[in-house]
Amino acid sequence: MSYVIGDPMAALNKGLESWLLSMSDGNKIILAAVVGGMVGFDLGGPINKAAVTTAMALLASGIYDPNTAAQVAIIIPPIGIGVATLIWRSRFPASLQEAGKASTLMA
């Protein structure tokens with residue numbers, strides 16, 4: 001498992017991290033958009049982890065925009081789920097309506 005999945009994922013993570021770090025000297029808006037897109041792409045997967053790790057490293061260096069984009073991208077899906085369960089109540093069972101309320105509050 002470690003060699004078949006772990007090594008390629010680690011290489012992917014390092015590659016994405018170095019790509020984002022190379023973009024840090026350019027346009028901050030484009031960098032923030034890329035980081036936000038990467039975070040929203042797989043929510044918890046390797047692309048998300050590379051983006052959030054890089055955003056935190058840039059935050060420590062005094063570059064705040066990517067971290068802001070990452071944090072916004074993290075909270076948008078739960079808010080969307082919560083709003084959907086409020087607007088279209090009839091499409092969701094009671095258990096999912098309660099989960100929607102919780103996800104909105106947690107976001």
# chains A, B, ... in the order shown; residues from 1 in each chain; ligands from 1

$ closest_atom_pairs --of "region 43-89 of chain A" --to "region 2-21 of chain A" --cutoff "8 Å" --atoms "only C-alpha atoms" --output "tab-separated table"
residue	atom	partner	partner_atom	distance
A:Pro46	CA	A:Asn13	CA	6.3
A:Ile47	CA	A:Asn13	CA	6.8
A:Lys49	CA	A:Asn13	CA	7.6
A:Ala50	CA	A:Asn13	CA	5.4
A:Ala51	CA	A:Glu17	CA	6.8
A:Thr53	CA	A:Glu17	CA	7.7
A:Thr54	CA	A:Glu17	CA	5.8
A:Leu58	CA	A:Leu21	CA	7.9

$ write_last_selection --atoms "all heavy atoms" --output "PDB file, in the first residue's frame"
ATOM      1  N   PRO A  46      -6.028  14.585  -1.620  1.00  0.00           N
ATOM      2  CA  PRO A  46      -4.642  15.049  -1.730  1.00  0.00           C
ATOM      3  C   PRO A  46      -4.504  16.442  -2.347  1.00  0.00           C
ATOM      4  O   PRO A  46      -3.604  17.196  -1.963  1.00  0.00           O
ATOM      5  CB  PRO A  46      -3.976  13.992  -2.609  1.00  0.00           C
ATOM      6  CG  PRO A  46      -5.083  13.302  -3.324  1.00  0.00           C
ATOM      7  CD  PRO A  46      -6.273  13.391  -2.421  1.00  0.00           C
ATOM      8  N   ILE A  47      -5.379  16.802  -3.259  1.00  0.00           N
ATOM      9  CA  ILE A  47      -5.299  18.133  -3.875  1.00  0.00           C
ATOM     10  C   ILE A  47      -5.649  19.195  -2.842  1.00  0.00           C
ATOM     11  O   ILE A  47      -4.988  20.222  -2.724  1.00  0.00           O
ATOM     12  CB  ILE A  47      -6.207  18.209  -5.113  1.00  0.00           C
ATOM     13  CG1 ILE A  47      -5.693  17.231  -6.180  1.00  0.00           C
ATOM     14  CG2 ILE A  47      -6.281  19.617  -5.668  1.00  0.00           C
ATOM     15  CD1 ILE A  47      -6.589  17.076  -7.367  1.00  0.00           C
ATOM     16  N   LYS A  49      -5.327  18.912   0.410  1.00  0.00           N
ATOM     17  CA  LYS A  49      -4.261  18.981   1.402  1.00  0.00           C
ATOM     18  C   LYS A  49      -3.062  19.785   0.898  1.00  0.00           C
ATOM     19  O   LYS A  49      -2.470  20.568   1.644  1.00  0.00           O
ATOM     20  CB  LYS A  49      -3.845  17.587   1.816  1.00  0.00           C
ATOM     21  CG  LYS A  49      -4.872  16.921   2.714  1.00  0.00           C
ATOM     22  CD  LYS A  49      -4.444  15.529   3.096  1.00  0.00           C
ATOM     23  CE  LYS A  49      -5.412  14.846   4.029  1.00  0.00           C
ATOM     24  NZ  LYS A  49      -6.797  14.889   3.696  1.00  0.00           N
ATOM     25  N   ALA A  50      -2.714  19.611  -0.363  1.00  0.00           N
ATOM     26  CA  ALA A  50      -1.608  20.384  -0.929  1.00  0.00           C
ATOM     27  C   ALA A  50      -1.942  21.869  -0.941  1.00  0.00           C
ATOM     28  O   ALA A  50      -1.103  22.707  -0.599  1.00  0.00           O
ATOM     29  CB  ALA A  50      -1.290  19.904  -2.343  1.00  0.00           C
ATOM     30  N   ALA A  51      -3.170  22.199  -1.311  1.00  0.00           N
ATOM     31  CA  ALA A  51      -3.574  23.607  -1.380  1.00  0.00           C
ATOM     32  C   ALA A  51      -3.611  24.243   0.001  1.00  0.00           C
ATOM     33  O   ALA A  51      -3.111  25.365   0.190  1.00  0.00           O
ATOM     34  CB  ALA A  51      -4.939  23.722  -2.053  1.00  0.00           C
ATOM     35  N   THR A  53      -2.071  23.231   2.784  1.00  0.00           N
ATOM     36  CA  THR A  53      -0.712  23.290   3.336  1.00  0.00           C
ATOM     37  C   THR A  53       0.066  24.460   2.752  1.00  0.00           C
ATOM     38  O   THR A  53       0.740  25.212   3.471  1.00  0.00           O
ATOM     39  CB  THR A  53       0.037  21.972   3.058  1.00  0.00           C
ATOM     40  OG1 THR A  53      -0.705  20.903   3.639  1.00  0.00           O
ATOM     41  CG2 THR A  53       1.425  21.995   3.641  1.00  0.00           C
ATOM     42  N   THR A  54      -0.034  24.637   1.458  1.00  0.00           N
ATOM     43  CA  THR A  54       0.660  25.752   0.812  1.00  0.00           C
ATOM     44  C   THR A  54       0.076  27.085   1.256  1.00  0.00           C
ATOM     45  O   THR A  54       0.817  28.043   1.499  1.00  0.00           O
ATOM     46  CB  THR A  54       0.575  25.610  -0.714  1.00  0.00           C
ATOM     47  OG1 THR A  54       1.096  24.335  -1.076  1.00  0.00           O
ATOM     48  CG2 THR A  54       1.351  26.691  -1.419  1.00  0.00           C
ATOM     49  N   LEU A  58       2.170  30.059   3.023  1.00  0.00           N
ATOM     50  CA  LEU A  58       2.175  31.435   2.526  1.00  0.00           C
ATOM     51  C   LEU A  58       1.652  32.395   3.590  1.00  0.00           C
ATOM     52  O   LEU A  58       2.116  33.532   3.693  1.00  0.00           O
ATOM     53  CB  LEU A  58       1.357  31.541   1.250  1.00  0.00           C
ATOM     54  CG  LEU A  58       1.956  30.832   0.032  1.00  0.00           C
ATOM     55  CD1 LEU A  58       0.953  30.813  -1.116  1.00  0.00           C
ATOM     56  CD2 LEU A  58       3.244  31.486  -0.398  1.00  0.00           C
TER      57      LEU A  58
END

$ residues_around --residues "Leu43 (chain A)" --least-positions-apart "2" --cutoff "12 Å" --atoms "only C-alpha atoms" --output "ChimeraX atom specification"
/A:35-41,45-52,70-71,73-78

$ write_last_selection --atoms "N, CA and C atoms" --output "mmCIF file, in the first residue's frame"
data_model
loop_
_atom_site.group_PDB
_atom_site.id
_atom_site.type_symbol
_atom_site.label_atom_id
_atom_site.label_comp_id
_atom_site.auth_asym_id
_atom_site.auth_seq_id
_atom_site.Cartn_x
_atom_site.Cartn_y
_atom_site.Cartn_z
ATOM 1 N N VAL A 35 -6.159 28.224 -5.569
ATOM 2 C CA VAL A 35 -6.210 27.557 -4.263
ATOM 3 C C VAL A 35 -7.654 27.231 -3.891
ATOM 4 N N GLY A 36 -8.563 28.172 -4.079
ATOM 5 C CA GLY A 36 -9.974 27.919 -3.786
ATOM 6 C C GLY A 36 -10.545 26.803 -4.630
ATOM 7 N N GLY A 37 -10.186 26.767 -5.897
ATOM 8 C CA GLY A 37 -10.639 25.681 -6.769
ATOM 9 C C GLY A 37 -10.075 24.330 -6.356
ATOM 10 N N MET A 38 -8.809 24.324 -5.935
ATOM 11 C CA MET A 38 -8.193 23.068 -5.499
ATOM 12 C C MET A 38 -8.833 22.559 -4.210
ATOM 13 N N VAL A 39 -9.150 23.466 -3.305
ATOM 14 C CA VAL A 39 -9.783 23.060 -2.049
ATOM 15 C C VAL A 39 -11.181 22.516 -2.319
ATOM 16 N N GLY A 40 -11.924 23.190 -3.159
ATOM 17 C CA GLY A 40 -13.287 22.755 -3.459
ATOM 18 C C GLY A 40 -13.368 21.536 -4.344
ATOM 19 N N PHE A 41 -12.270 21.179 -4.998
ATOM 20 C CA PHE A 41 -12.278 20.058 -5.951
ATOM 21 C C PHE A 41 -12.510 18.729 -5.279
ATOM 22 N N GLY A 45 -9.163 15.457 0.061
ATOM 23 C CA GLY A 45 -8.257 14.587 -0.667
ATOM 24 C C GLY A 45 -6.873 15.196 -0.801
ATOM 25 N N PRO A 46 -6.028 14.585 -1.620
ATOM 26 C CA PRO A 46 -4.642 15.049 -1.730
ATOM 27 C C PRO A 46 -4.504 16.442 -2.347
ATOM 28 N N ILE A 47 -5.379 16.802 -3.259
ATOM 29 C CA ILE A 47 -5.299 18.133 -3.875
ATOM 30 C C ILE A 47 -5.649 19.195 -2.842
ATOM 31 N N ASN A 48 -6.677 18.934 -2.062
ATOM 32 C CA ASN A 48 -7.076 19.837 -0.989
ATOM 33 C C ASN A 48 -5.949 20.010 0.016
ATOM 34 N N LYS A 49 -5.327 18.912 0.410
ATOM 35 C CA LYS A 49 -4.261 18.981 1.402
ATOM 36 C C LYS A 49 -3.062 19.785 0.898
ATOM 37 N N ALA A 50 -2.714 19.611 -0.363
ATOM 38 C CA ALA A 50 -1.608 20.384 -0.929
ATOM 39 C C ALA A 50 -1.942 21.869 -0.941
ATOM 40 N N ALA A 51 -3.170 22.199 -1.311
ATOM 41 C CA ALA A 51 -3.574 23.607 -1.380
ATOM 42 C C ALA A 51 -3.611 24.243 0.001
ATOM 43 N N VAL A 52 -4.182 23.554 0.977
ATOM 44 C CA VAL A 52 -4.292 24.122 2.320
ATOM 45 C C VAL A 52 -2.915 24.241 2.967
ATOM 46 N N ALA A 70 -8.820 29.624 0.617
ATOM 47 C CA ALA A 70 -8.970 28.243 1.088
ATOM 48 C C ALA A 70 -10.054 28.153 2.149
ATOM 49 N N GLN A 71 -10.086 29.092 3.079
ATOM 50 C CA GLN A 71 -11.093 29.055 4.133
ATOM 51 C C GLN A 71 -12.499 29.279 3.579
ATOM 52 N N ALA A 73 -13.467 28.494 0.526
ATOM 53 C CA ALA A 73 -13.816 27.286 -0.229
ATOM 54 C C ALA A 73 -14.197 26.136 0.689
ATOM 55 N N ILE A 74 -13.676 26.122 1.890
ATOM 56 C CA ILE A 74 -14.025 25.071 2.852
ATOM 57 C C ILE A 74 -15.452 25.248 3.365
ATOM 58 N N ILE A 75 -15.913 26.483 3.563
ATOM 59 C CA ILE A 75 -17.227 26.687 4.172
ATOM 60 C C ILE A 75 -18.378 26.760 3.174
ATOM 61 N N ILE A 76 -18.106 26.950 1.901
ATOM 62 C CA ILE A 76 -19.186 27.100 0.918
ATOM 63 C C ILE A 76 -20.037 25.831 0.764
ATOM 64 N N PRO A 77 -19.470 24.626 0.602
ATOM 65 C CA PRO A 77 -20.329 23.442 0.424
ATOM 66 C C PRO A 77 -21.295 23.172 1.573
ATOM 67 N N PRO A 78 -20.866 23.235 2.864
ATOM 68 C CA PRO A 78 -21.850 23.018 3.924
ATOM 69 C C PRO A 78 -22.963 24.062 3.945
#

$ closest_residue --among "A:Ile81, A:Ala57, A:Leu86, A:Ala33" --to "Met106 (chain A)" --atoms "only C-alpha atoms"
A:Ile81

$ residues_around --residues "Ile87 (chain A)" --least-positions-apart "6" --cutoff "12 Å" --atoms "only C-alpha atoms" --output "list of chain:residue names"
A:Gly80, A:Ile81, A:Gln97, A:Gly100, A:Lys101

$ closest_residue --among "A:Ala69, A:Val83, A:Leu105, A:Leu59" --to "Leu31 (chain A)" --atoms "only C-alpha atoms"
A:Ala69

$ closest_residue --among "A:Ser103, A:Ser90, A:Pro66, A:Thr85" --to "Ile30 (chain A)" --atoms "only C-alpha atoms"
A:Pro66

$ atom_distance --atom1 "CA of Phe92 (chain A)" --atom2 "CA of Val72 (chain A)"
25.7 Å
